[in-house]
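Working notes, beginning with the structure itself.
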Amino acid sequence: MKIGIIGTGIAGLSAAWLFNRAGHRLTIYEKSLTLGMDAHSMSFVQDGETLRTDVPPRIFNAAQWPNLLNFYRKVGVAFDPIDASQSFSSFGQPGFLNVNVANQPQLPAGADIPEQTDKIMNDIMRLAFEAPQDLAEGVSCRLTLAEYLRSKAYSQEFIYDYLYPTLASTVCTCSYGSIDAYPAPIILKTLLNLFGAQPLLKTKYGTRDVVKRLSQGINDIRYGASVCGVNPTPAGVQVETKAGQTEIFDHLIVATQANQALDFLNNHFEGECNMLRAFSYEDVRVVVHRDPALMPAQSEDWAHINLIVAQDRLGTMCSVWMNRFNPDWHVEQPIIQTINPLIEPQTDTIISQYNLQRPVVNVRSLEGLELLRQLHQQADRRIWFCGSYAAEGVPLLESAVISSIGVAHRLSINIQDIMR
Ligand SMILES: Cc1cc2nc3c(=O)[nH]c(=O)nc-3n(C[C@H](O)[C@H](O)[C@H](O)COP(=O)(O)OP(=O)(O)OC[C@H]3O[C@@H](n4cnc5c(N)ncnc54)[C@H](O)[C@@H]3O)c2cc1C
């Protein structure tokens with residue numbers, strides 16, 4: 001079959017890899033000048049050394065990301081465990097909590113545990129114990145996280161000094177309002193997958209190596225090709241780019257964000273547009289810089305991942321100490337990636353900055369997933385959707401891969417054979 005794919009994030013690339021392995025003819029459209037998954041990675045010079053950093057620095061583990069790991073193993077991506085230390089502090093104040101990979105506290109022997117830390121640790125343990133029971137008994141997807149936490153009387157310290165900072169600036173990267181509205185079972189399952197002692201991993205050679213491996217052997221990748229129109233024709237699906245190129249495919253896989261797909265799907269696709277409109281996105285700002293003012297106030301609190309809570313407790317920034325993420329870097333000066341900075345880094349310390357987006361999950365997006373499932377069941381379907389928004393769970397690399405496997409499955413590709 002002749003297959004078109006729009007978008008080369010992990011969803012488009014994993015779909016491309018599967019369809020290429022199954023012997024189909026592929027044409028891939030990407031509006032960036034490089035493969036989308038690696039589009040924000042950057043190189044810069046520090047102390048005479050050229051360093052490359054992934055933006056954002058993505059992590060995964062075996063419990064939450066099993067399909068991604070299968071893919072990475074299959075294409076030969078090497079991965080390493082990361083230093084999983086995390087610090088929690090209030091902006092400008094000493095840290096109040098340091099945890100390791102299993103979210104166990106790191107406290108000096110004999111130290112007096114502050115009440116705030118004590119409450120957080122008790123509630124982490126309570127959640128680790130009670131959430132599996134609650135999930136086994138059934139937690140409705142209509143119950144929001146805020147309602148669940150209230151019904152279980154979790155402490156304000158646990159919610160606003162630990163859980164929301166973790167979810168809002170790392171796991172889900174969205175506002176506290178959206179965290180409130182997340183379906184409780186989705187967050188509980190994800191937290192349990194992160195609480196275990198499974199090592200957190202990163203790719204050994206960065207995203208550039210991942211995209212190179214996933215795109216190997218695919219010859220027709222059109223960079224800088226922004227799709228502006230998609231039309232049904234008797235011969236197949238016609239794709240039109242802003243540069244005026246048109247081409248017809250037996251099947252088209254739309255692997256952009258849901259909101260981006262709305263830009264090029266027109267009135268011919270009312271059902272598809274209704275489905276796509278159910279998914280909303282929030283902006284995420286990422287700044288790569290050298291300003292220690294965006295790290296914990298006391299240098300002894302610096303960990304690999306630093307969650308710094310606003311003084312009004314209504315927001316958090318996450319500063320990743322990239323020297324720890326990349327232990328092979330031999331540079332003295334701290335290189336920091338801050339997600340949603342609470343203050344601006346000094347201008348002369350900024351290396352680069354990016355505006356990204358992330359989908360949020362709520363009752364409406366779950367309805368969107370049901371509409372997507374129904375569309376994908378249609379017998380004469382020729383347009384398919386994948387992306388991190390297009391599968392159950394927190395939108396991560398894993399959900400994107402699950403969605404592309406789902407599309408390949410619907411088009412009769414024998415996944416087990418290919419992944420063997
Ligand atoms: C700060 C941050 C940290 C994160 N950390 C992690 C992490 O640690 N672990 C993890 O698993 N996930 C993480 N994520 C989420 C993860 O990065 C995303 O879920 C994933 O990259 C989404 O992939 P995708 O293929 O669905 O979409 P995208 O990567 O958005 O790909 C869509 C592609 O479509 C292209 N496109 C759009 N419109 C058009 C058009 N008209 N024509 C042609 N091409 C078009 C775009 O250029 C893009 O390349 C993080 C996200 C953020 C923002």
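So you can find residues: chains in the structure tokens are A, B, ... in the order shown, residues in each start at 1, and ligands are numbered from 1 in order.
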
| message | Any residue with an atom at most 8 Å from ligand 1 counts, using only C-alpha atoms and all ligand atoms. Which are they? Put them as a PyMOL selection string. | response | chain A and resi 6-13+29-32+35-37+39+55-60+65+169-173+224-228+241+255-257+260-261+263-264+284-286+339+356-358+386-390+395-400

Output C-alpha atoms for every residue in that selection, as a PDB file, in the first residue's frame.
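Okay, again28.pdb is ready:
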```pdb
ATOM      1  CA  ILE A   6       2.110  13.565   8.645  1.00  0.00           C
ATOM      2  CA  GLY A   7       4.452  14.291  11.562  1.00  0.00           C
ATOM      3  CA  THR A   8       7.686  12.748  12.812  1.00  0.00           C
ATOM      4  CA  GLY A   9       7.354  12.835  16.585  1.00  0.00           C
ATOM      5  CA  ILE A  10       7.639   9.428  18.266  1.00  0.00           C
ATOM      6  CA  ALA A  11       4.102   8.561  17.086  1.00  0.00           C
ATOM      7  CA  GLY A  12       4.821   9.212  13.386  1.00  0.00           C
ATOM      8  CA  LEU A  13       8.269   7.630  13.556  1.00  0.00           C
ATOM      9  CA  TYR A  29       5.683  14.981   5.771  1.00  0.00           C
ATOM     10  CA  GLU A  30       7.369  17.023   8.496  1.00  0.00           C
ATOM     11  CA  LYS A  31       6.992  20.768   8.768  1.00  0.00           C
ATOM     12  CA  SER A  32      10.294  21.134  10.696  1.00  0.00           C
ATOM     13  CA  LEU A  35      12.762  14.881  12.390  1.00  0.00           C
ATOM     14  CA  GLY A  36      10.189  16.275  14.831  1.00  0.00           C
ATOM     15  CA  MET A  37      11.087  14.154  17.853  1.00  0.00           C
ATOM     16  CA  ALA A  39      13.592  19.114  16.518  1.00  0.00           C
ATOM     17  CA  VAL A  55      15.030  19.269  24.874  1.00  0.00           C
ATOM     18  CA  PRO A  56      13.058  18.190  26.798  1.00  0.00           C
ATOM     19  CA  PRO A  57      15.199  15.554  28.545  1.00  0.00           C
ATOM     20  CA  ARG A  58      12.829  12.568  28.364  1.00  0.00           C
ATOM     21  CA  ILE A  59      12.909   9.710  30.846  1.00  0.00           C
ATOM     22  CA  PHE A  60      11.121   6.366  31.088  1.00  0.00           C
ATOM     23  CA  TRP A  65       6.763   2.565  29.253  1.00  0.00           C
ATOM     24  CA  SER A 169       6.056  20.066  36.185  1.00  0.00           C
ATOM     25  CA  THR A 170       7.217  16.568  35.282  1.00  0.00           C
ATOM     26  CA  VAL A 171       4.719  13.738  34.800  1.00  0.00           C
ATOM     27  CA  CYS A 172       1.868  15.684  33.147  1.00  0.00           C
ATOM     28  CA  THR A 173       3.392  19.190  32.649  1.00  0.00           C
ATOM     29  CA  GLY A 224       9.955  21.661   5.742  1.00  0.00           C
ATOM     30  CA  ALA A 225       6.778  20.206   4.220  1.00  0.00           C
ATOM     31  CA  SER A 226       3.845  21.720   6.061  1.00  0.00           C
ATOM     32  CA  VAL A 227       0.605  19.986   5.174  1.00  0.00           C
ATOM     33  CA  CYS A 228      -2.219  22.496   4.652  1.00  0.00           C
ATOM     34  CA  THR A 241       1.443  21.008   1.242  1.00  0.00           C
ATOM     35  CA  ALA A 255       0.635  11.896  13.628  1.00  0.00           C
ATOM     36  CA  THR A 256       0.548  15.577  14.582  1.00  0.00           C
ATOM     37  CA  GLN A 257      -0.894  17.023  17.778  1.00  0.00           C
ATOM     38  CA  GLN A 260      -2.429  20.877  14.726  1.00  0.00           C
ATOM     39  CA  ALA A 261      -4.493  18.370  12.716  1.00  0.00           C
ATOM     40  CA  ASP A 263      -5.454  23.223  10.856  1.00  0.00           C
ATOM     41  CA  PHE A 264      -5.468  21.031   7.748  1.00  0.00           C
ATOM     42  CA  VAL A 284       4.995  24.584  28.342  1.00  0.00           C
ATOM     43  CA  ARG A 285       8.054  26.837  28.367  1.00  0.00           C
ATOM     44  CA  VAL A 286      11.487  25.240  28.561  1.00  0.00           C
ATOM     45  CA  ILE A 339      10.416  23.772  32.790  1.00  0.00           C
ATOM     46  CA  LEU A 356       6.134  23.436  23.650  1.00  0.00           C
ATOM     47  CA  GLN A 357       2.657  22.070  24.250  1.00  0.00           C
ATOM     48  CA  ARG A 358       1.269  19.072  26.078  1.00  0.00           C
ATOM     49  CA  CYS A 386      -1.904   8.620  16.340  1.00  0.00           C
ATOM     50  CA  GLY A 387      -0.064  10.744  18.885  1.00  0.00           C
ATOM     51  CA  SER A 388       0.505  10.974  22.603  1.00  0.00           C
ATOM     52  CA  TYR A 389      -3.100  12.216  23.012  1.00  0.00           C
ATOM     53  CA  ALA A 390      -4.537   9.246  21.111  1.00  0.00           C
ATOM     54  CA  PRO A 395       0.264  11.607  27.292  1.00  0.00           C
ATOM     55  CA  LEU A 396       3.854  10.366  27.151  1.00  0.00           C
ATOM     56  CA  LEU A 397       6.126   8.642  24.644  1.00  0.00           C
ATOM     57  CA  GLU A 398       4.389   5.414  25.694  1.00  0.00           C
ATOM     58  CA  SER A 399       0.868   6.527  24.763  1.00  0.00           C
ATOM     59  CA  ALA A 400       2.176   7.767  21.402  1.00  0.00           C
TER      60      ALA A 400
END
```

| request: DSSP on the backbone, then: every residue of stretch 144-275 of chain A marked alpha helix (DSSP H), written as a PyMOL selection string. | output: chain A and resi 145-151+156-158+164-166+176-181+184-195+206-215+258-261+270-275

Using C-alpha atoms, can you export the residues from the last selection as a short mmCIF file (atom, residue, chain, number, x, y, z; two decimals), in the first residue's frame?
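After the write, part09.cif holds the following:
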```cif
data_model
loop_
_atom_site.label_atom_id
_atom_site.label_comp_id
_atom_site.auth_asym_id
_atom_site.auth_seq_id
_atom_site.Cartn_x
_atom_site.Cartn_y
_atom_site.Cartn_z
CA LEU A 145 -7.97 13.60 41.09
CA ALA A 146 -9.06 16.57 43.25
CA GLU A 147 -12.22 14.69 44.31
CA TYR A 148 -10.27 11.52 45.04
CA LEU A 149 -7.67 13.29 47.19
CA ARG A 150 -10.39 15.17 49.08
CA SER A 151 -12.39 11.99 49.71
CA GLN A 156 -2.34 19.81 52.02
CA GLU A 157 1.43 19.33 52.39
CA PHE A 158 1.32 16.11 50.37
CA TYR A 164 1.03 18.63 42.38
CA PRO A 165 4.62 19.87 41.91
CA THR A 166 5.57 16.40 40.64
CA TYR A 176 -2.77 22.87 38.77
CA GLY A 177 -6.33 23.40 37.45
CA SER A 178 -5.79 20.67 34.86
CA ILE A 179 -4.21 18.39 37.47
CA ASP A 180 -7.36 18.86 39.58
CA ALA A 181 -9.48 17.65 36.64
CA ALA A 184 -8.10 9.87 39.29
CA PRO A 185 -7.42 6.28 38.08
CA ILE A 186 -5.06 7.48 35.33
CA ILE A 187 -2.91 9.37 37.81
CA LEU A 188 -3.00 6.58 40.40
CA LYS A 189 -1.84 3.94 37.90
CA THR A 190 0.96 6.19 36.66
CA LEU A 191 2.14 7.04 40.17
CA LEU A 192 2.24 3.38 41.16
CA ASN A 193 4.38 2.67 38.08
CA LEU A 194 6.74 5.45 39.15
CA PHE A 195 6.80 4.64 42.88
CA GLY A 206 20.18 11.00 22.98
CA THR A 207 17.14 11.55 20.79
CA ARG A 208 19.26 12.03 17.65
CA ASP A 209 20.22 8.36 17.85
CA VAL A 210 16.57 7.31 18.40
CA VAL A 211 15.24 9.16 15.36
CA LYS A 212 18.12 7.93 13.18
CA ARG A 213 17.32 4.34 14.04
CA LEU A 214 13.55 4.66 13.65
CA SER A 215 13.84 6.38 10.26
CA ALA A 258 -4.71 16.95 17.74
CA ASN A 259 -4.92 20.76 17.62
CA GLN A 260 -2.43 20.88 14.73
CA ALA A 261 -4.49 18.37 12.72
CA GLU A 270 -16.72 16.73 10.43
CA GLY A 271 -16.58 13.60 12.62
CA GLU A 272 -12.78 13.70 12.75
CA CYS A 273 -12.75 17.41 13.65
CA ASN A 274 -15.31 16.85 16.43
CA MET A 275 -13.08 14.15 17.82
#
```

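Atom CA of A:Thr50 is found 16.4 Å from atom CA of A:Ile350.
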
| request: List the neighbours of A:Ser280 out to 8 Å using only C-alpha atoms; skip same-chain residues closer than 3 positions along the sequence, and give me the result as a count of residues only. | output: 5

| message | Could you go through stretch 92-249 of chain A and tell me which residues DSSP, when run on the backbone, assigns to strand (DSSP E or B), listing them as a VMD selection string? | response | chain A and resid 95 to 99 105 144 183 201 to 203 221 to 223 227 to 233 236 to 241 246 to 249

| field | Selection: 12 Å around A:Glu367, only C-alpha atoms, excl. self and same-chain fewer than 4 positions, as a PyMOL selection string | value | chain A and resi 141-142+274-279+361-363+371-374+390-392

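Shortest atom-to-atom contact with A:Gln346 among A:Asp312, A:Asp38, A:Asp328, A:Asp291: A:Asp291, counting only C-alpha atoms.
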
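Atom CA of A:Leu200 is found 25.4 Å from atom CA of A:Gln298.
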
A:Gln116 surroundings by only C-alpha atoms, 12 Å radius, close-in-sequence under 4 positions cut, as a compact mmCIF listing (two decimals) with C-alpha atoms, in the first residue's frame:
```
# COMPACT_ATOMS: atom_id res chain seq x y z
CA PHE A 88 11.66 19.66 46.78
CA SER A 89 11.95 23.21 48.11
CA SER A 90 9.94 26.40 48.30
CA GLY A 95 14.77 22.19 50.76
CA PHE A 96 12.22 20.17 52.72
CA LEU A 97 12.42 16.82 50.95
CA ASP A 112 14.67 15.38 63.21
CA ILE A 120 4.34 14.08 52.89
CA MET A 121 6.13 10.80 53.53
CA ASN A 122 3.17 9.35 55.42
CA ASP A 123 0.86 10.20 52.58
CA SER A 155 -2.79 16.41 53.66
CA GLN A 156 -2.34 19.81 52.02
CA GLU A 157 1.43 19.33 52.39
CA PHE A 158 1.32 16.11 50.37
CA ILE A 159 -0.90 17.66 47.70
CA TYR A 160 0.68 21.10 47.27
CA ASP A 161 4.29 20.51 48.30
CA TYR A 162 4.83 17.10 46.67
```

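Minimum distance to A:Tyr223 across A:Ala22, A:Arg73, A:Ala243, A:Asn340 (counting only C-alpha atoms) occurs at A:Ala243.
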
| said: Report as a PyMOL selection string all protein, DNA and RNA residues lying within 9 Å of A:Val237, evaluated on only C-alpha atoms, omitting residues in the same chain fewer than 3 positions from it. | reply: chain A and resi 4+230-234+247-252+382-383
